[in-house]
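Here is my_file_28.txt, consisting of compact mmCIF, C-alpha atoms and all ligand atoms:
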```
# COMPACT_ATOMS: atom_id res chain seq x y z
CA MET A 1 -37.14 22.78 -8.01
CA ILE A 2 -40.15 21.86 -10.07
CA ILE A 3 -39.31 19.09 -12.50
CA ASN A 4 -40.42 19.71 -16.05
CA SER A 5 -38.86 16.66 -17.66
CA GLN A 6 -36.48 13.78 -17.06
CA GLU A 7 -33.52 16.05 -17.91
CA ASP A 8 -34.25 18.17 -14.84
CA VAL A 9 -33.93 15.39 -12.28
CA THR A 10 -30.17 14.84 -12.14
CA PRO A 11 -29.23 18.57 -12.05
CA ALA A 12 -31.83 19.15 -9.31
CA VAL A 13 -30.43 16.36 -7.18
CA LEU A 14 -26.81 17.42 -7.76
CA ALA A 15 -27.64 21.02 -6.86
CA GLU A 16 -28.97 19.86 -3.50
CA ILE A 17 -25.92 17.66 -2.86
CA ALA A 18 -23.43 20.32 -3.98
CA GLN A 19 -23.46 22.41 -0.80
CA LYS A 20 -22.93 19.35 1.37
CA ALA A 21 -20.22 18.06 -0.98
CA VAL A 22 -18.30 21.35 -0.80
CA GLY A 23 -18.45 21.19 3.00
CA TYR A 24 -17.05 17.68 2.80
CA LEU A 25 -14.15 18.77 0.61
CA VAL A 26 -13.39 21.59 3.03
CA ALA A 27 -13.36 19.09 5.92
CA LEU A 28 -10.97 16.80 4.00
CA GLY A 29 -8.64 19.73 3.44
CA GLN A 30 -8.83 20.87 7.06
CA ARG A 31 -7.94 17.42 8.33
CA THR A 32 -4.92 17.16 5.95
CA THR A 33 -1.49 18.15 7.27
CA GLU A 34 2.10 17.59 6.17
CA SER A 35 2.02 14.23 8.03
CA HIS A 36 -1.57 13.12 7.31
CA ASN A 37 -3.47 12.99 4.01
CA GLU A 38 -7.23 12.64 4.51
CA VAL A 39 -7.90 13.10 0.77
CA VAL A 40 -5.88 10.02 -0.19
CA LEU A 41 -7.64 8.12 2.59
CA MET A 42 -11.07 9.18 1.36
CA SER A 43 -10.25 8.37 -2.25
CA GLY A 44 -9.29 4.85 -1.17
CA SER A 45 -12.27 4.48 1.18
CA LEU A 46 -14.70 5.28 -1.64
CA GLY A 47 -13.06 2.73 -3.96
CA PHE A 48 -12.08 5.54 -6.30
CA SER A 49 -8.32 4.87 -6.16
CA THR A 50 -8.67 1.18 -7.01
CA LEU A 51 -11.07 1.91 -9.86
CA ILE A 52 -8.68 4.49 -11.37
CA CYS A 53 -5.78 2.05 -10.96
CA LEU A 54 -7.59 -0.80 -12.69
CA LEU A 55 -8.89 1.42 -15.51
CA ASN A 56 -5.36 2.64 -16.24
CA ASN A 57 -3.31 -0.54 -15.88
CA GLY A 58 -3.46 -4.07 -17.31
CA ASN A 59 -3.83 -2.79 -20.88
CA ARG A 60 -6.39 -0.26 -19.68
CA GLY A 61 -8.39 -2.74 -17.66
CA ALA A 62 -8.43 -5.55 -20.23
CA THR A 63 -5.99 -7.88 -18.48
CA GLU A 64 -4.93 -8.70 -14.95
CA THR A 65 -2.41 -6.32 -13.42
CA THR A 66 0.01 -6.27 -10.50
CA ALA A 67 -0.57 -2.51 -10.09
CA ASN A 68 -2.24 -1.24 -6.92
CA LEU A 69 -2.65 1.81 -4.67
CA LEU A 70 0.21 4.07 -3.59
CA GLY A 71 -1.21 4.88 -0.14
CA PRO A 72 -0.01 7.87 1.90
CA PHE A 73 3.28 6.61 3.37
CA TRP A 74 5.75 6.38 0.45
CA ARG A 75 8.97 8.40 0.87
CA PRO A 76 10.92 9.02 -2.34
CA GLU A 77 14.32 9.28 -0.66
CA SER A 78 14.51 5.79 0.86
CA PRO A 79 18.11 4.53 1.06
CA ARG A 80 19.64 2.46 -1.73
CA MET A 81 20.60 -1.02 -0.59
CA PRO A 82 22.38 -4.03 -2.11
CA ASN A 83 20.43 -7.18 -2.88
CA GLY A 84 20.02 -9.33 0.21
CA ALA A 85 20.09 -6.40 2.68
CA SER A 86 17.69 -6.05 5.60
CA LEU A 87 15.09 -3.26 5.89
CA VAL A 88 15.20 -3.44 9.68
CA ARG A 89 17.08 -0.39 11.06
CA SER A 90 15.94 -0.36 14.69
CA PRO A 91 14.82 -3.22 16.97
CA THR A 92 11.48 -4.31 15.49
CA PRO A 93 9.63 -7.35 16.81
CA GLY A 94 8.32 -9.84 14.27
CA VAL A 95 8.93 -13.07 12.38
CA PRO A 96 11.83 -12.80 9.91
CA MET A 97 10.81 -12.67 6.25
CA PHE A 98 12.89 -13.23 3.12
CA VAL A 99 11.48 -11.79 -0.11
CA LYS A 100 12.45 -12.57 -3.68
CA ALA A 101 10.84 -10.42 -6.35
CA TRP A 102 11.10 -10.40 -10.12
CA VAL A 103 10.24 -7.58 -12.52
CA LYS A 104 9.17 -8.66 -16.01
CA ASP A 105 7.77 -6.94 -19.08
CA GLN A 106 4.58 -7.98 -20.83
CA ASP A 107 6.46 -10.59 -22.87
CA GLY A 108 7.80 -12.17 -19.69
CA LYS A 109 11.32 -10.84 -20.28
CA PRO A 110 13.27 -9.69 -17.20
CA VAL A 111 13.61 -5.93 -16.70
CA ALA A 112 17.14 -5.19 -15.49
CA GLY A 113 18.21 -1.94 -13.80
CA ALA A 114 14.77 -1.05 -12.40
CA ASP A 115 14.66 0.82 -9.08
CA VAL A 116 12.35 -0.94 -6.64
CA ASP A 117 11.25 0.96 -3.54
CA ILE A 118 9.86 -1.15 -0.70
CA TRP A 119 8.11 0.03 2.45
CA HIS A 120 5.86 -1.59 5.02
CA SER A 121 4.37 -1.27 8.49
CA SER A 122 5.78 -2.80 11.67
CA THR A 123 4.04 -5.72 13.38
CA GLU A 124 2.43 -3.11 15.62
CA GLY A 125 0.80 -1.63 12.52
CA TYR A 126 2.80 1.61 12.15
CA TYR A 127 4.97 3.01 9.34
CA GLU A 128 8.14 4.66 10.59
CA ASN A 129 6.88 8.11 9.57
CA GLN A 130 3.92 7.66 11.96
CA ASP A 131 5.93 6.19 14.79
CA PRO A 132 8.60 8.01 16.85
CA ALA A 133 9.68 4.62 18.30
CA GLN A 134 11.15 3.49 14.96
CA ALA A 135 14.42 4.66 13.40
CA ASP A 136 14.25 6.95 10.39
CA MET A 137 13.63 4.85 7.24
CA ASN A 138 12.99 1.67 9.24
CA LEU A 139 11.33 -0.98 7.05
CA ARG A 140 12.17 0.90 3.84
CA GLY A 141 14.75 0.43 1.10
CA LYS A 142 15.48 0.93 -2.58
CA PHE A 143 16.90 -2.00 -4.58
CA THR A 144 17.95 -2.35 -8.21
CA THR A 145 17.01 -5.37 -10.33
CA ASP A 146 19.89 -7.48 -11.67
CA ALA A 147 20.19 -8.96 -15.18
CA ASP A 148 17.41 -11.45 -14.30
CA GLY A 149 15.06 -8.62 -13.23
CA HIS A 150 15.51 -9.88 -9.68
CA ILE A 151 15.83 -8.32 -6.23
CA HIS A 152 15.88 -9.95 -2.82
CA PHE A 153 15.80 -8.56 0.67
CA ARG A 154 15.13 -9.39 4.27
CA SER A 155 12.68 -7.84 6.77
CA ILE A 156 9.99 -8.90 9.24
CA LYS A 157 6.51 -9.99 8.18
CA PRO A 158 4.21 -6.95 8.34
CA ALA A 159 0.88 -6.74 10.16
CA GLY A 160 -2.43 -5.23 9.14
CA TYR A 161 -3.38 -1.88 10.59
CA PRO A 162 -6.40 0.36 11.18
CA ILE A 163 -6.70 3.54 9.13
CA PRO A 164 -7.29 6.76 11.12
CA VAL A 165 -10.98 7.43 11.79
CA ASP A 166 -10.85 10.79 13.56
CA GLY A 167 -11.89 12.77 10.45
CA PRO A 168 -14.45 12.67 7.63
CA VAL A 169 -13.31 9.17 6.55
CA GLY A 170 -14.18 7.86 10.02
CA ASP A 171 -17.65 9.45 9.77
CA LEU A 172 -18.17 7.73 6.41
CA LEU A 173 -17.10 4.31 7.68
CA ARG A 174 -19.26 4.58 10.80
CA GLN A 175 -22.30 5.56 8.78
CA GLN A 176 -21.71 2.62 6.44
CA GLY A 177 -21.04 0.15 9.27
CA ARG A 178 -17.57 -0.64 7.92
CA ALA A 179 -14.39 -1.76 9.65
CA ASN A 180 -11.23 0.33 9.23
CA MET A 181 -8.59 -2.39 8.97
CA ARG A 182 -6.19 -2.89 6.10
CA PRO A 183 -4.86 -6.43 5.57
CA ALA A 184 -1.08 -6.80 5.99
CA HIS A 185 0.94 -5.95 2.87
CA LEU A 186 4.26 -4.92 1.43
CA HIS A 187 4.38 -1.79 -0.74
CA PHE A 188 6.44 -1.65 -3.94
CA LEU A 189 7.18 1.15 -6.41
CA ILE A 190 9.07 0.13 -9.56
CA TYR A 191 10.75 2.82 -11.67
CA LYS A 192 12.48 2.24 -14.98
CA PRO A 193 12.62 4.66 -17.93
CA GLY A 194 10.54 3.31 -20.83
CA PHE A 195 7.96 1.77 -18.48
CA LYS A 196 5.00 3.20 -16.60
CA THR A 197 5.96 3.59 -12.95
CA HIS A 198 4.47 0.53 -11.30
CA VAL A 199 2.98 0.96 -7.82
CA SER A 200 1.92 -2.18 -6.03
CA GLN A 201 1.05 -3.89 -2.76
CA VAL A 202 1.38 -7.61 -2.09
CA TYR A 203 -1.05 -8.83 0.58
CA THR A 204 -0.43 -11.68 3.02
CA ASP A 205 -2.60 -14.69 2.27
CA ASP A 206 -3.26 -15.44 5.96
CA ASP A 207 -4.78 -12.06 6.87
CA PRO A 208 -8.36 -12.16 8.27
CA ASN A 209 -9.26 -8.83 6.61
CA LEU A 210 -8.62 -9.64 2.93
CA GLU A 211 -12.35 -9.55 2.17
CA THR A 212 -13.03 -6.30 4.00
CA ASP A 213 -10.07 -4.03 3.19
CA SER A 214 -11.23 -0.49 4.02
CA GLN A 215 -9.38 0.70 0.87
CA PHE A 216 -10.76 -1.96 -1.55
CA GLY A 217 -7.16 -2.68 -2.55
CA VAL A 218 -7.07 -6.49 -2.55
CA THR A 219 -7.22 -8.11 -5.97
CA ARG A 220 -6.70 -11.86 -6.48
CA ARG A 221 -3.45 -11.22 -8.36
CA LEU A 222 -2.00 -9.36 -5.38
CA ILE A 223 -2.50 -12.01 -2.71
CA GLY A 224 1.05 -13.25 -2.13
CA HIS A 225 1.90 -16.70 -0.85
CA TYR A 226 3.86 -16.00 2.32
CA VAL A 227 5.25 -19.45 3.10
CA LEU A 228 5.97 -20.27 6.73
CA HIS A 229 9.08 -22.39 7.32
CA ASP A 230 9.39 -23.84 10.79
CA LYS A 231 11.78 -26.74 10.15
CA GLU A 232 14.11 -25.74 7.30
CA PRO A 233 17.10 -23.54 8.14
CA ALA A 234 16.66 -19.88 7.21
CA PRO A 235 18.81 -18.23 4.50
CA ALA A 236 20.55 -16.28 7.32
CA PRO A 237 22.41 -18.07 10.14
CA ASP A 238 21.17 -15.69 12.86
CA VAL A 239 17.55 -16.81 12.32
CA LYS A 240 16.90 -19.80 14.58
CA GLY A 241 13.09 -19.97 14.75
CA PRO A 242 10.34 -19.86 12.12
CA TRP A 243 10.62 -17.57 9.10
CA TYR A 244 8.52 -16.57 6.12
CA GLU A 245 9.40 -16.58 2.46
CA LEU A 246 7.68 -14.69 -0.36
CA ASP A 247 8.34 -15.06 -4.09
CA TYR A 248 6.49 -12.61 -6.29
CA THR A 249 6.62 -11.48 -9.93
CA PHE A 250 5.53 -8.03 -11.13
CA GLU A 251 4.55 -7.33 -14.72
CA ILE A 252 5.21 -3.78 -15.82
CA GLU A 253 3.89 -2.02 -18.92
CA PRO A 254 5.60 0.22 -21.48
CA GLY A 255 4.97 3.92 -20.96
CA ILE A 256 6.27 7.05 -19.32
CA ALA A 257 8.30 6.67 -16.15
CA LYS A 258 7.17 9.37 -13.78
CA LEU A 259 7.44 9.44 -10.02
CA PRO A 260 4.39 10.46 -8.00
CA ARG A 261 4.42 13.32 -5.51
CA ALA A 262 4.68 11.98 -1.98
CA PRO A 263 1.20 12.34 -0.35
CA ILE A 264 2.79 13.39 2.95
CA THR A 265 6.09 15.17 3.46
CA ALA A 266 6.74 15.07 7.21
CA LYS A 267 6.97 12.58 10.01
CA ALA A 268 4.34 12.56 12.75
CA ARG A 269 5.63 14.20 15.91
CA GLY A 270 4.97 13.33 19.54
CA GLU A 271 3.30 10.17 20.68
CA ARG A 272 2.35 7.26 18.46
CA PRO A 273 -1.24 7.78 17.33
CA ALA A 274 -3.70 5.54 19.19
CA ILE A 275 -5.98 4.50 16.34
CA GLU A 276 -9.53 3.40 17.09
CA ARG A 277 -10.71 0.11 15.59
CA LEU A 278 -14.17 0.09 14.06
CA LYS A 279 -16.06 -3.19 13.92
CA ARG A 280 -17.95 -4.15 10.81
CA ALA A 281 -21.73 -3.99 11.35
CA GLY A 282 -23.08 -7.48 11.99
CA ALA A 283 -19.58 -8.95 12.45
FE FE A 301 0.14 0.38 3.61
```
The structure given in the file should be rewritten as structure tokens.
Ligand SMILES: [Fe+2]
Amino acid sequence: MIINSQEDVTPAVLAEIAQKAVGYLVALGQRTTESHNEVVLMSGSLGFSTLICLLNNGNRGATETTANLLGPFWRPESPRMPNGASLVRSPTPGVPMFVKAWVKDQDGKPVAGADVDIWHSSTEGYYENQDPAQADMNLRGKFTTDADGHIHFRSIKPAGYPIPVDGPVGDLLRQQGRANMRPAHLHFLIYKPGFKTHVSQVYTDDDPNLETDSQFGVTRRLIGHYVLHDKEPAPAPDVKGPWYELDYTFEIEPGIAKLPRAPITAKARGERPAIERLKRAGA
């Protein structure tokens, strides 16, 4: 295209990119199945999901927020559990972890009767819906906040994990010289009518990949202090060795309570996926 003025430049460039971009969208769709969502992965890998989250939370980006990415692995039908229950449903190696969480409104008042969904990966880096070795709903549960806006539960400390790189997202990361690890985290989804549904992740403060999260999800506010106890007795008599403790407070905002659509709807079948680990260029 011959450029007549400055107004011509951007449309000319976009027209050239368009064909390639459409091919990219087609590839994202082709790689997406009922148990894998390449579109969600790409949105996170481009930083788009975090940007949208921060623009739409924390008083529309004006203040700090405890909101974060949903990710692909949430399941809406996780089982309801009483406060104090364990998320571990099949033998899962790992250091025991005891979590206390509080849900507050913007005035710091406790929000009672909120449903809090929790889900996380195993220490081997797999969610139960990726991993035939784990029981259905392992490391998942739904709790309800008490009059103090409080829930507490038991699990094992999660590990970081590599995101799949056998599709267009992998091509992008390789071309950019990026690693594909996510730092270890717990996922939360807080639902209470009268408040915007609050999706969050709380990252472990000892993870080596906090600075290079492939999904750009780590904000300062979301780095949790996972305290290691190796001398004090655990809150449960069956725990003899070291254990971790996390205390965390979420701040939710007034708005419309609406649940998202689950990005995947089926469990992976067959073998556990062997996921390649990409090294960061220069690392
Ligand atoms: Fe995750």
Would you pick out the contacts of segment 120-135 of chain A at 8 Å or less, using all atoms listed in the file, so that residues sharing its chain but fewer than 4 positions from it are not included, and give the list as JSON, numbers by chain? {"A": [35, 73, 89, 90, 91, 92, 93, 94, 139, 140, 156, 157, 158, 159, 160, 161, 162, 185, 186, 187, 266, 267, 268, 269, 270, 271, 272, 273]}
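Omitting segment 215-218 of chain A and its sequence neighbours fewer than 2 positions away, and counting only C-alpha atoms, the residues within 8 Å are Leu41, Gly44, Ser45, Leu46, Gly47, Thr50, Asn68, Leu69, Arg182, Tyr203, Leu210, Glu211, Thr212, Asp213, Arg220, Leu222 and Ile223 of chain A.
Using all atoms listed in the file, the contacts of Gly58 of chain A at a cut-off of 12 Å, with sequence neighbours closer than 6 positions omitted, comprise Ile52, Glu64, Thr65, Thr66, Ala67, Asn68, Asp105, Gln106, Lys196, His198, Arg221, Phe250, Glu251, Ile252, Glu253 and Pro254 of chain A.
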Residue among A:Asn37, A:Gln6, A:Asn209, A:Thr249 lying closest to Gly149 of chain A, counting all atoms listed in the file: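 Ranked by minimum distance to Gly149 of chain A, first place goes to A:Thr249.
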Enter the distance from atom CA of Met81 of chain A to atom CA of Gln201 of chain A, in Å, rounded to one decimal.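 Between atom CA of Met81 of chain A and atom CA of Gln201 of chain A the gap is 19.9 Å.
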Nearest-residue call for ligand FE 301 (chain A), choices A:Pro82, A:Pro168, A:Gly194, A:Pro183, using all atoms listed in the file: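 Closest to ligand FE 301 (chain A), using all atoms listed in the file: A:Pro183.
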